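For reference, run_16.txt (compact mmCIF, C-alpha atoms):
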```txt
# COMPACT_ATOMS: atom_id res chain seq x y z
CA MET A 26 -131.73 -74.36 32.58
CA SER A 27 -128.47 -75.98 33.45
CA VAL A 28 -126.72 -73.24 35.39
CA GLU A 29 -128.54 -72.05 38.46
CA PRO A 30 -128.34 -68.39 39.44
CA GLU A 31 -125.55 -67.33 41.71
CA THR A 32 -126.88 -66.20 45.05
CA SER A 33 -125.68 -62.98 46.57
CA GLY A 34 -123.28 -62.91 49.49
CA ARG A 35 -120.54 -65.35 50.37
CA PRO A 36 -120.01 -68.46 48.23
CA MET A 37 -121.13 -71.77 49.68
CA THR A 38 -118.50 -73.93 51.32
CA ARG A 39 -117.58 -77.45 50.32
CA TYR A 40 -118.00 -78.54 53.92
CA ALA A 41 -121.59 -77.32 54.10
CA CYS A 42 -122.33 -79.16 50.85
CA MET A 43 -120.74 -82.31 52.24
CA GLN A 44 -122.96 -82.14 55.31
CA ARG A 45 -126.05 -81.94 53.10
CA LEU A 46 -124.86 -84.84 50.94
CA ALA A 47 -123.74 -86.97 53.90
CA ALA A 48 -127.18 -86.75 55.49
CA ARG A 49 -128.59 -88.53 52.43
CA LEU A 50 -126.08 -91.41 52.31
CA ARG A 51 -126.57 -94.85 53.85
CA ASP A 52 -125.38 -97.83 51.76
CA GLU A 53 -123.54 -95.97 49.03
CA LEU A 54 -119.82 -96.24 48.32
CA VAL A 55 -117.77 -93.09 47.88
CA ILE A 56 -114.47 -92.38 46.15
CA LEU A 57 -112.97 -88.96 46.71
CA SER A 58 -110.08 -86.82 45.73
CA LEU A 59 -107.04 -85.50 47.49
CA GLY A 60 -106.37 -82.32 49.44
CA GLY A 61 -108.58 -80.48 51.88
CA SER A 62 -111.67 -82.43 50.89
CA VAL A 63 -110.23 -85.56 52.52
CA ASP A 64 -110.32 -84.23 56.07
CA GLU A 65 -113.55 -82.40 55.39
CA TRP A 66 -115.33 -85.56 54.23
CA TYR A 67 -113.83 -87.52 57.12
CA ASN A 68 -115.59 -85.09 59.48
CA ALA A 69 -118.71 -84.28 57.50
CA ALA A 70 -119.60 -87.95 56.95
CA PRO A 71 -118.29 -89.96 59.94
CA HIS A 72 -120.81 -92.75 59.25
CA MET A 73 -119.31 -93.16 55.75
CA ARG A 74 -115.62 -93.44 56.69
CA ALA A 75 -115.30 -97.16 55.96
CA ALA A 76 -117.46 -96.76 52.86
CA SER A 77 -115.22 -94.04 51.44
CA LEU A 78 -111.95 -94.50 49.60
CA PHE A 79 -109.66 -91.53 50.08
CA GLN A 80 -107.49 -91.31 46.98
CA GLN A 81 -104.46 -89.16 46.30
CA GLN A 82 -104.40 -88.68 42.58
CA LEU A 83 -105.64 -86.19 40.04
CA GLY A 84 -107.62 -87.71 37.21
CA CYS A 85 -108.35 -91.07 38.83
CA VAL A 86 -111.30 -90.42 41.12
CA THR A 87 -114.19 -90.59 38.68
CA PRO A 88 -112.57 -93.38 36.60
CA GLN A 89 -112.14 -95.47 39.75
CA ALA A 90 -115.69 -94.69 40.82
CA PHE A 91 -116.92 -95.77 37.39
CA GLY A 92 -114.94 -99.01 37.63
CA LEU A 93 -116.54 -99.65 41.00
CA ALA A 94 -119.96 -98.84 39.54
CA ALA A 95 -119.33 -101.26 36.67
CA GLY A 96 -118.39 -104.00 39.12
CA LEU A 97 -121.31 -103.36 41.47
CA PRO A 98 -124.17 -102.32 39.19
CA HIS A 99 -126.75 -102.80 41.96
CA ARG A 100 -124.98 -100.36 44.31
CA ARG A 101 -125.01 -96.55 44.18
CA ILE A 102 -121.51 -95.12 43.79
CA VAL A 103 -120.62 -91.51 44.53
CA SER A 104 -117.56 -89.82 43.06
CA LEU A 105 -116.39 -86.69 44.86
CA ASP A 106 -114.09 -85.21 42.24
CA THR A 107 -112.60 -81.75 41.83
CA ASP A 108 -112.09 -79.17 39.10
CA GLY A 109 -108.35 -79.92 39.01
CA GLY A 110 -108.96 -83.67 39.04
CA LEU A 111 -111.56 -83.68 36.29
CA LEU A 112 -109.53 -81.33 34.11
CA PHE A 113 -106.62 -83.77 34.41
CA ASN A 114 -108.64 -86.41 32.57
CA LEU A 115 -111.64 -85.01 30.73
CA GLY A 116 -111.78 -88.19 28.66
CA ILE A 117 -113.65 -89.98 31.43
CA LEU A 118 -116.66 -87.80 30.64
CA ALA A 119 -116.75 -89.21 27.11
CA THR A 120 -116.44 -92.73 28.50
CA LEU A 121 -119.33 -92.10 30.89
CA GLY A 122 -121.31 -90.59 28.03
CA ASN A 123 -120.90 -93.81 26.07
CA GLU A 124 -121.14 -96.33 28.91
CA ARG A 125 -124.03 -94.63 30.69
CA PRO A 126 -123.73 -96.15 34.18
CA GLU A 127 -127.08 -96.10 35.96
CA ASN A 128 -125.60 -96.01 39.45
CA LEU A 129 -122.96 -93.28 39.38
CA PHE A 130 -123.39 -89.83 40.92
CA VAL A 131 -120.48 -87.47 40.30
CA VAL A 132 -119.95 -84.34 42.37
CA VAL A 133 -117.24 -81.94 41.22
CA TRP A 134 -116.06 -79.55 43.92
CA ASP A 135 -115.09 -76.56 41.78
CA ASN A 136 -113.16 -74.16 44.01
CA GLN A 137 -111.31 -72.81 40.97
CA CYS A 138 -107.93 -73.47 42.50
CA TYR A 139 -105.38 -76.11 43.44
CA GLN A 140 -106.19 -75.60 47.08
CA SER A 141 -103.90 -78.22 48.59
CA ILE A 142 -100.77 -76.51 47.27
CA GLY A 143 -101.76 -73.03 48.35
CA GLY A 144 -104.38 -72.01 45.85
CA PRO A 145 -102.98 -71.26 42.38
CA PRO A 146 -105.88 -71.05 39.91
CA THR A 147 -107.20 -73.94 37.84
CA HIS A 148 -108.54 -73.38 34.34
CA THR A 149 -112.05 -72.76 35.71
CA ALA A 150 -110.91 -69.64 37.57
CA ARG A 151 -111.22 -67.26 34.60
CA GLY A 152 -114.88 -68.02 34.20
CA ARG A 153 -114.69 -69.37 30.65
CA VAL A 154 -114.30 -73.09 31.25
CA ASP A 155 -117.65 -74.70 32.09
CA LEU A 156 -117.20 -78.28 33.31
CA ALA A 157 -120.92 -79.05 33.25
CA ALA A 158 -121.15 -77.88 29.65
CA ILE A 159 -118.17 -80.06 28.76
CA ALA A 160 -119.92 -82.99 30.42
CA ARG A 161 -123.11 -82.35 28.47
CA GLY A 162 -121.08 -82.16 25.30
CA ALA A 163 -119.63 -85.55 26.18
CA GLY A 164 -123.09 -87.07 26.33
CA LEU A 165 -124.11 -86.66 29.97
CA GLU A 166 -127.55 -85.08 29.74
CA HIS A 167 -127.70 -84.66 33.51
CA ALA A 168 -124.84 -82.25 34.17
CA TYR A 169 -125.48 -79.10 36.15
CA THR A 170 -123.71 -76.24 37.92
CA VAL A 171 -124.91 -75.04 41.31
CA HIS A 172 -123.98 -72.06 43.47
CA ASP A 173 -126.31 -72.49 46.46
CA LEU A 174 -126.81 -75.12 49.12
CA ASP A 175 -130.48 -75.80 48.48
CA GLY A 176 -129.77 -76.26 44.79
CA PHE A 177 -126.93 -78.60 45.62
CA GLU A 178 -129.10 -80.67 47.91
CA ARG A 179 -131.81 -80.86 45.29
CA HIS A 180 -129.31 -82.24 42.78
CA CYS A 181 -128.04 -84.72 45.38
CA ALA A 182 -131.56 -86.08 45.78
CA GLU A 183 -131.96 -86.40 42.02
CA GLY A 184 -128.46 -87.69 41.38
CA LEU A 185 -128.69 -90.39 44.02
CA ALA A 186 -131.94 -91.65 42.49
CA ALA A 187 -131.07 -91.22 38.80
CA GLN A 188 -130.98 -94.13 36.38
CA ALA A 189 -128.36 -92.40 34.24
CA PRO A 190 -124.99 -90.85 34.98
CA TYR A 191 -125.54 -87.60 36.87
CA LEU A 192 -122.95 -84.88 37.43
CA VAL A 193 -123.20 -81.72 39.48
CA VAL A 194 -120.50 -79.06 39.58
CA ALA A 195 -120.63 -77.32 42.95
CA LYS A 196 -119.08 -73.86 42.84
CA VAL A 197 -117.53 -73.59 46.29
CA ALA A 198 -115.24 -71.25 48.18
CA GLY A 199 -111.51 -71.86 48.08
CA THR A 200 -111.32 -72.32 51.84
CA VAL A 201 -110.99 -75.36 54.10
CA GLU A 202 -113.24 -75.86 57.10
CA PRO A 203 -111.19 -74.75 60.11
CA GLY A 204 -110.62 -76.79 63.25
CA ILE A 205 -111.50 -80.23 61.89
CA ARG A 206 -109.85 -83.50 62.89
CA ARG A 207 -107.14 -84.81 60.56
CA LYS A 208 -107.43 -88.31 59.09
CA HIS A 209 -104.36 -90.29 60.15
CA SER A 210 -104.41 -93.28 57.78
CA ASP A 211 -102.48 -93.52 54.50
CA GLY A 212 -103.67 -94.79 51.14
CA ARG A 213 -102.78 -98.38 51.89
CA GLU A 214 -104.69 -98.52 55.19
CA ASP A 215 -107.61 -96.70 53.56
CA LYS A 216 -107.68 -99.34 50.81
CA TYR A 217 -107.85 -102.20 53.32
CA ILE A 218 -110.61 -100.50 55.34
CA PHE A 219 -112.61 -99.85 52.19
CA VAL A 220 -112.12 -103.31 50.72
CA ARG A 221 -113.14 -105.00 53.98
CA HIS A 222 -116.26 -102.83 54.03
CA VAL A 223 -117.14 -103.82 50.46
CA GLU A 224 -116.49 -107.48 51.30
CA ALA A 225 -118.74 -107.37 54.38
CA SER A 226 -121.54 -105.40 52.77
CA GLU A 227 -121.51 -107.36 49.49
CA GLY A 228 -120.75 -110.81 50.90
CA VAL A 229 -117.76 -111.23 48.59
CA THR A 230 -114.05 -111.92 48.96
CA ILE A 231 -111.74 -109.39 47.32
CA MET A 232 -108.51 -109.88 49.24
CA GLY A 233 -108.65 -113.47 50.41
CA PRO A 234 -106.11 -115.82 51.99
CA SER A 235 -102.96 -117.01 50.26
CA GLU A 236 -102.61 -120.66 49.28
CA HIS A 237 -100.59 -121.31 52.47
CA ASN A 238 -100.24 -119.37 55.69
CA MET B 27 -103.19 -112.33 15.53
CA THR B 28 -104.38 -115.75 14.54
CA PRO B 29 -107.80 -116.93 15.70
CA GLU B 30 -105.99 -119.47 17.86
CA ALA B 31 -103.98 -116.75 19.63
CA VAL B 32 -107.13 -114.70 20.16
CA ASP B 33 -108.81 -117.76 21.67
CA ALA B 34 -105.83 -118.36 23.94
CA VAL B 35 -106.04 -114.80 25.29
CA ILE B 36 -109.74 -115.14 26.01
CA ARG B 37 -109.22 -118.58 27.62
CA GLY B 38 -106.54 -117.08 29.87
CA LEU B 39 -108.74 -114.16 30.88
CA LYS B 40 -111.66 -116.44 31.69
CA ARG B 41 -109.47 -118.84 33.62
CA ALA B 42 -108.33 -115.86 35.70
CA GLY B 43 -111.93 -114.85 36.36
CA VAL B 44 -111.90 -111.66 34.33
CA SER B 45 -115.29 -110.19 33.49
CA ILE B 46 -114.45 -106.57 32.55
CA VAL B 47 -112.00 -105.52 29.83
CA CYS B 48 -110.83 -101.91 29.44
CA TYR B 49 -109.04 -101.22 26.20
CA LEU B 50 -107.70 -98.62 23.85
CA PRO B 51 -107.45 -100.38 20.51
CA ASP B 52 -104.19 -100.80 18.62
CA SER B 53 -103.18 -102.39 15.34
CA LEU B 54 -101.24 -105.44 16.57
CA PHE B 55 -104.22 -106.70 18.60
CA LYS B 56 -106.78 -105.67 15.97
CA GLU B 57 -108.29 -109.14 15.75
CA LEU B 58 -108.54 -109.38 19.54
CA TYR B 59 -110.77 -106.37 20.25
CA PRO B 60 -113.83 -107.47 18.24
CA ALA B 61 -113.53 -110.93 19.76
CA LEU B 62 -113.53 -109.42 23.25
CA ASP B 63 -116.51 -107.23 22.31
CA ALA B 64 -118.40 -110.24 21.00
CA ASP B 65 -117.83 -112.48 24.02
CA PRO B 66 -121.01 -112.64 26.12
CA ASP B 67 -119.04 -113.27 29.34
CA LEU B 68 -116.94 -110.13 29.02
CA ARG B 69 -117.97 -106.50 29.34
CA THR B 70 -115.68 -104.31 27.28
CA ILE B 71 -115.13 -100.63 28.11
CA PRO B 72 -113.28 -98.65 25.44
CA VAL B 73 -111.40 -95.75 27.07
CA THR B 74 -109.92 -92.48 25.85
CA ASN B 75 -106.43 -93.13 27.17
CA GLU B 76 -104.73 -95.99 28.91
CA GLY B 77 -104.26 -94.13 32.19
CA GLU B 78 -108.01 -93.74 32.41
CA GLY B 79 -108.32 -97.45 31.70
CA ALA B 80 -105.88 -98.27 34.50
CA ALA B 81 -107.92 -96.23 36.96
CA ILE B 82 -111.17 -97.90 35.86
CA CYS B 83 -109.51 -101.30 36.33
CA GLY B 84 -108.48 -100.21 39.82
CA GLY B 85 -112.08 -99.39 40.60
CA VAL B 86 -113.20 -102.77 39.29
CA PHE B 87 -110.69 -104.44 41.63
CA LEU B 88 -112.33 -102.66 44.57
CA SER B 89 -115.69 -104.14 43.58
CA GLY B 90 -114.46 -107.72 43.79
CA LYS B 91 -114.71 -108.28 40.04
CA ARG B 92 -111.62 -108.81 37.92
CA ALA B 93 -110.55 -106.52 35.11
CA VAL B 94 -107.80 -106.37 32.52
CA LEU B 95 -106.29 -103.41 30.68
CA VAL B 96 -105.55 -104.30 27.05
CA MET B 97 -103.41 -101.93 24.98
CA GLU B 98 -100.34 -101.36 22.88
CA ASN B 99 -97.21 -101.10 25.01
CA SER B 100 -97.07 -97.35 24.34
CA GLY B 101 -100.09 -97.19 26.61
CA LEU B 102 -97.89 -98.20 29.49
CA ARG B 103 -96.25 -94.79 29.30
CA ALA B 104 -99.65 -93.09 29.39
CA SER B 105 -100.55 -95.17 32.47
CA VAL B 106 -97.48 -94.56 34.61
CA GLU B 107 -98.98 -91.89 36.86
CA PRO B 108 -102.15 -93.76 37.88
CA LEU B 109 -100.20 -97.03 38.09
CA ALA B 110 -97.64 -95.49 40.44
CA ARG B 111 -100.28 -93.85 42.59
CA MET B 112 -102.59 -96.85 42.82
CA GLY B 113 -99.96 -99.54 43.03
CA LEU B 114 -97.26 -97.96 45.15
CA GLY B 115 -99.53 -95.63 47.12
CA ALA B 116 -102.51 -97.81 47.90
CA GLY B 117 -101.83 -101.39 46.80
CA ILE B 118 -104.55 -101.45 44.16
CA PRO B 119 -103.45 -103.82 41.37
CA VAL B 120 -103.99 -103.57 37.63
CA VAL B 121 -103.26 -106.48 35.31
CA MET B 122 -102.16 -105.42 31.84
CA LEU B 123 -102.03 -107.24 28.53
CA MET B 124 -100.06 -105.29 25.95
CA SER B 125 -98.86 -105.78 22.42
CA TYR B 126 -95.09 -105.56 22.10
CA ARG B 127 -94.52 -102.78 19.57
CA GLY B 128 -90.86 -102.15 18.83
CA ASP B 129 -89.71 -105.72 19.41
CA LEU B 130 -86.73 -106.93 17.41
CA GLY B 131 -87.86 -106.89 13.79
CA GLU B 132 -89.98 -103.76 14.13
CA ASN B 133 -90.18 -101.99 10.77
CA ASN B 134 -91.93 -98.76 11.79
CA TRP B 135 -89.74 -95.89 12.93
CA TRP B 136 -92.45 -94.50 15.21
CA ALA B 137 -92.67 -97.76 17.11
CA ILE B 138 -89.01 -97.91 18.07
CA PRO B 139 -89.57 -95.82 21.26
CA HIS B 140 -92.14 -98.36 22.46
CA GLY B 141 -89.57 -101.12 22.36
CA ILE B 142 -86.90 -98.98 23.99
CA THR B 143 -89.10 -97.87 26.89
CA MET B 144 -91.43 -100.78 27.70
CA GLU B 145 -89.21 -103.00 29.80
CA PRO B 146 -87.34 -100.15 31.56
CA VAL B 147 -90.67 -98.55 32.49
CA LEU B 148 -92.00 -101.86 33.82
CA GLN B 149 -88.78 -102.31 35.77
CA ALA B 150 -88.86 -98.76 37.13
CA LEU B 151 -92.31 -99.46 38.52
CA ARG B 152 -91.14 -102.89 39.80
CA ILE B 153 -93.95 -104.54 37.85
CA PRO B 154 -93.47 -108.29 37.32
CA TYR B 155 -93.98 -109.14 33.66
CA ARG B 156 -93.50 -111.80 31.05
CA VAL B 157 -92.84 -111.34 27.34
CA VAL B 158 -94.62 -114.11 25.47
CA ARG B 159 -93.72 -114.94 21.88
CA GLU B 160 -95.23 -118.42 21.60
CA GLU B 161 -98.95 -118.93 21.31
CA ALA B 162 -98.84 -122.01 23.54
CA ALA B 163 -97.63 -119.89 26.48
CA ILE B 164 -100.33 -117.19 26.34
CA GLU B 165 -102.98 -118.76 28.55
CA ASN B 166 -100.65 -119.67 31.40
CA ALA B 167 -98.93 -116.30 31.31
CA ILE B 168 -102.24 -114.52 31.79
CA ALA B 169 -103.26 -116.84 34.63
CA ASP B 170 -99.86 -116.34 36.26
CA ALA B 171 -100.19 -112.56 36.05
CA TYR B 172 -103.41 -112.72 38.04
CA ALA B 173 -101.93 -115.11 40.60
CA SER B 174 -99.08 -112.65 41.21
CA ALA B 175 -101.28 -109.57 41.23
CA TYR B 176 -103.68 -111.07 43.76
CA ALA B 177 -100.86 -112.25 46.04
CA SER B 178 -98.85 -109.03 45.93
CA TYR B 179 -101.76 -106.61 45.44
CA TYR B 180 -99.54 -105.01 42.88
CA HIS B 181 -99.62 -104.76 39.13
CA ALA B 182 -98.56 -107.49 36.71
CA ALA B 183 -98.14 -107.43 32.95
CA VAL B 184 -98.00 -109.75 29.95
CA ALA B 185 -96.55 -108.47 26.67
CA LEU B 186 -97.34 -110.45 23.51
CA GLY B 187 -94.65 -110.20 20.85
CA GLY B 188 -92.92 -112.09 18.11
CA SER B 189 -95.02 -114.18 15.74
CA ILE B 190 -98.12 -113.81 17.94
CA VAL B 191 -98.63 -110.24 16.76
CA ARG B 192 -96.63 -109.96 13.54
```
If you took the structure in this file and wrote it as structure tokens, what would it be?
Amino acid sequence: MSVEPETSGRPMTRYACMQRLAARLRDELVILSLGGSVDEWYNAAPHMRAASLFQQQLGCVTPQAFGLAAGLPHRRIVSLDTDGGLLFNLGILATLGNERPENLFVVVWDNQCYQSIGGPPTHTARGRVDLAAIARGAGLEHAYTVHDLDGFERHCAEGLAAQAPYLVVAKVAGTVEPGIRRKHSDGREDKYIFVRHVEASEGVTIMGPSEHN
Amino acid sequence: MTPEAVDAVIRGLKRAGVSIVCYLPDSLFKELYPALDADPDLRTIPVTNEGEGAAICGGVFLSGKRAVLVMENSGLRASVEPLARMGLGAGIPVVMLMSYRGDLGENNWWAIPHGITMEPVLQALRIPYRVVREEAAIENAIADAYASAYASYYHAAVALGGSIVR
């Protein structure tokens, strides 16, 4: 059974899902998408700020996370992608299906809209497009859709321990958590923070000194 | 490509410390791809479009490993959005090695746009690049691209044309 039953009442929020996921993260590295999820993750996972790269581009989140996973095969990488972002580049699912990274957990926040620009619908909004089914068709056996928090958390536990690419589509409300602190840094500062964290935690040099000062 | 040119590319990549190659195969580099696949020091990742490959290379950069994106120069056009976002927005570099389709002497009508657009697109993105048409210059050009990319934290490109690919 790949699609879990929708629970009655209000849809789960992305922020509540993030809190459940964040509680399970320690040494992982996270790459996430643009829009409201940036500030939400910044608040839901304060201990992961340096270990998270906040990116501003549709279609690049899971490919970047896969590149990171390929470069650090001993480290668990988490991609926090979106319905709009994944639809922008569905080809990455076929690449993951072929490459089969053992350390990549992909979460797709499917709020069925382009929330950051006011909420026009994405292609998942009409209920026909099933991203998890597309992922399974691309060769990812572990691709699921969840509608409830406990189901989401169960897939987080499995996805973070899996030895094969694991993708969960979280059907979430099209709202942003109110009253949360805004992240002030831009993409360039975020990159430096993230790279320095990878350098320190991996004992490697990524952005070293020039030949002369 | 001659076996010597293929060897020069692989020597250049290894000298630059590359261990991961993302590619979308093309006809001018057709001898190169199986050689990359066969090299035990290189992991090759075939991709579905070059923009996806650029983003994967960006992720590899963040890991501390070095990657290259190998493609026909038409792939540059497919990569512009992720290149602009990663390079100009975040300072995440991608080094590209592309075949120069549409160079002077091109005899395929469909390849003419590749020649018309490649250098203007590189220039629009302010990407330093070198067009190499002599086999003897391949290895140094690749090494130089990495030196620039890892000083500027911006993209760099090498296009192989002329007798190297025809």
Kindly provide, as lines of an AutoDock Vina configuration file, the centre and edge lengths (Å, one decimal) of an axis-aligned box around all atoms of region 126-129 of chain A given in the file, with 4 Å on each side.
```
center_x = -125.0
center_y = -94.7
center_z = 36.8
size_x = 12.1
size_y = 10.9
size_z = 13.3
```
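Reported to one decimal place, the separation of CA of Leu114 (chain B) from CA of Tyr172 (chain B) is 17.5 Å.
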- Item | Proximal residues of chain B relative to chain A (only C-alpha atoms; 12 Å) as JSON, numbers by chain | {"B": [44, 45, 46, 47, 48, 49, 50, 68, 69, 70, 71, 72, 73, 74, 75, 76, 77, 78, 79, 80, 81, 82, 83, 84, 85, 86, 87, 88, 89, 90, 91, 92, 93, 94, 95, 104, 105, 107, 108, 109, 110, 111, 112, 113, 114, 115, 116, 117, 118, 119, 120, 173, 174, 175, 176, 177, 178, 179, 180]}
- Query: Any idea what the distance is between CA of Ala198 (chain A) and CA of Ile102 (chain A)?
  - Reply: 25.1 Å
- Could you pull the residues within 7 Å of Asn136 (chain A), counting all atoms listed in the file, minus those fewer than 4 positions along the same chain, as an MDAnalysis selection string? chainID A and resid 196:199
- Query: If we count all atoms listed in the file, what is near Arg37 (chain B) at a cut-off of 12 Å, once residues fewer than 6 positions away on the same chain are taken out, given as a PyMOL selection string?
  - Reply: chain B and resi 30-31+43-45+61-62+65+67-68+162-169
For region 145-173 of chain B, supply N, CA and C atoms and report the output as a compact mmCIF listing (two decimals), in the frame of the given file.
```
# COMPACT_ATOMS: atom_id res chain seq x y z
N GLU B 145 -89.75 -102.23 28.67
CA GLU B 145 -89.21 -103.00 29.80
C GLU B 145 -88.58 -102.10 30.86
N PRO B 146 -87.83 -101.05 30.49
CA PRO B 146 -87.34 -100.15 31.56
C PRO B 146 -88.45 -99.50 32.38
N VAL B 147 -89.57 -99.16 31.73
CA VAL B 147 -90.67 -98.55 32.49
C VAL B 147 -91.28 -99.59 33.44
N LEU B 148 -91.49 -100.80 32.95
CA LEU B 148 -92.00 -101.86 33.82
C LEU B 148 -91.05 -102.09 35.00
N GLN B 149 -89.75 -102.08 34.70
CA GLN B 149 -88.78 -102.31 35.77
C GLN B 149 -88.72 -101.14 36.74
N ALA B 150 -88.87 -99.92 36.23
CA ALA B 150 -88.86 -98.76 37.13
C ALA B 150 -90.00 -98.82 38.12
N LEU B 151 -91.14 -99.34 37.65
CA LEU B 151 -92.31 -99.46 38.52
C LEU B 151 -92.30 -100.77 39.31
N ARG B 152 -91.26 -101.58 39.12
CA ARG B 152 -91.14 -102.89 39.80
C ARG B 152 -92.34 -103.78 39.49
N ILE B 153 -92.80 -103.73 38.25
CA ILE B 153 -93.95 -104.54 37.85
C ILE B 153 -93.46 -105.87 37.28
N PRO B 154 -93.83 -106.99 37.90
CA PRO B 154 -93.47 -108.29 37.32
C PRO B 154 -94.15 -108.45 35.96
N TYR B 155 -93.41 -109.00 35.00
CA TYR B 155 -93.98 -109.14 33.66
C TYR B 155 -93.35 -110.33 32.96
N ARG B 156 -94.04 -110.75 31.90
CA ARG B 156 -93.50 -111.80 31.05
C ARG B 156 -93.73 -111.40 29.60
N VAL B 157 -92.69 -111.53 28.79
CA VAL B 157 -92.84 -111.34 27.34
C VAL B 157 -93.10 -112.71 26.74
N VAL B 158 -94.21 -112.83 26.04
CA VAL B 158 -94.62 -114.11 25.47
C VAL B 158 -94.55 -114.01 23.94
N ARG B 159 -93.84 -114.94 23.34
CA ARG B 159 -93.72 -114.94 21.88
C ARG B 159 -94.22 -116.23 21.26
N GLU B 160 -94.70 -117.14 22.09
CA GLU B 160 -95.23 -118.42 21.60
C GLU B 160 -96.70 -118.52 22.02
N GLU B 161 -97.52 -118.85 21.05
CA GLU B 161 -98.95 -118.93 21.31
C GLU B 161 -99.28 -119.89 22.45
N ALA B 162 -98.54 -120.99 22.53
CA ALA B 162 -98.84 -122.01 23.54
C ALA B 162 -98.65 -121.50 24.97
N ALA B 163 -97.93 -120.39 25.13
CA ALA B 163 -97.63 -119.89 26.48
C ALA B 163 -98.57 -118.76 26.91
N ILE B 164 -99.49 -118.36 26.04
CA ILE B 164 -100.33 -117.19 26.34
C ILE B 164 -101.23 -117.43 27.55
N GLU B 165 -101.96 -118.53 27.51
CA GLU B 165 -102.98 -118.76 28.55
C GLU B 165 -102.36 -118.81 29.94
N ASN B 166 -101.28 -119.57 30.08
CA ASN B 166 -100.65 -119.67 31.40
C ASN B 166 -100.06 -118.35 31.86
N ALA B 167 -99.51 -117.59 30.92
CA ALA B 167 -98.93 -116.30 31.31
C ALA B 167 -99.99 -115.38 31.89
N ILE B 168 -101.16 -115.37 31.28
CA ILE B 168 -102.24 -114.52 31.79
C ILE B 168 -102.69 -115.00 33.17
N ALA B 169 -102.87 -116.30 33.32
CA ALA B 169 -103.26 -116.84 34.63
C ALA B 169 -102.21 -116.52 35.68
N ASP B 170 -100.94 -116.64 35.31
CA ASP B 170 -99.86 -116.34 36.26
C ASP B 170 -99.86 -114.87 36.66
N ALA B 171 -100.16 -113.99 35.73
CA ALA B 171 -100.19 -112.56 36.05
C ALA B 171 -101.23 -112.28 37.13
N TYR B 172 -102.38 -112.93 37.01
CA TYR B 172 -103.41 -112.72 38.04
C TYR B 172 -103.02 -113.33 39.37
N ALA B 173 -102.38 -114.50 39.34
CA ALA B 173 -101.93 -115.11 40.60
C ALA B 173 -100.97 -114.16 41.32
```
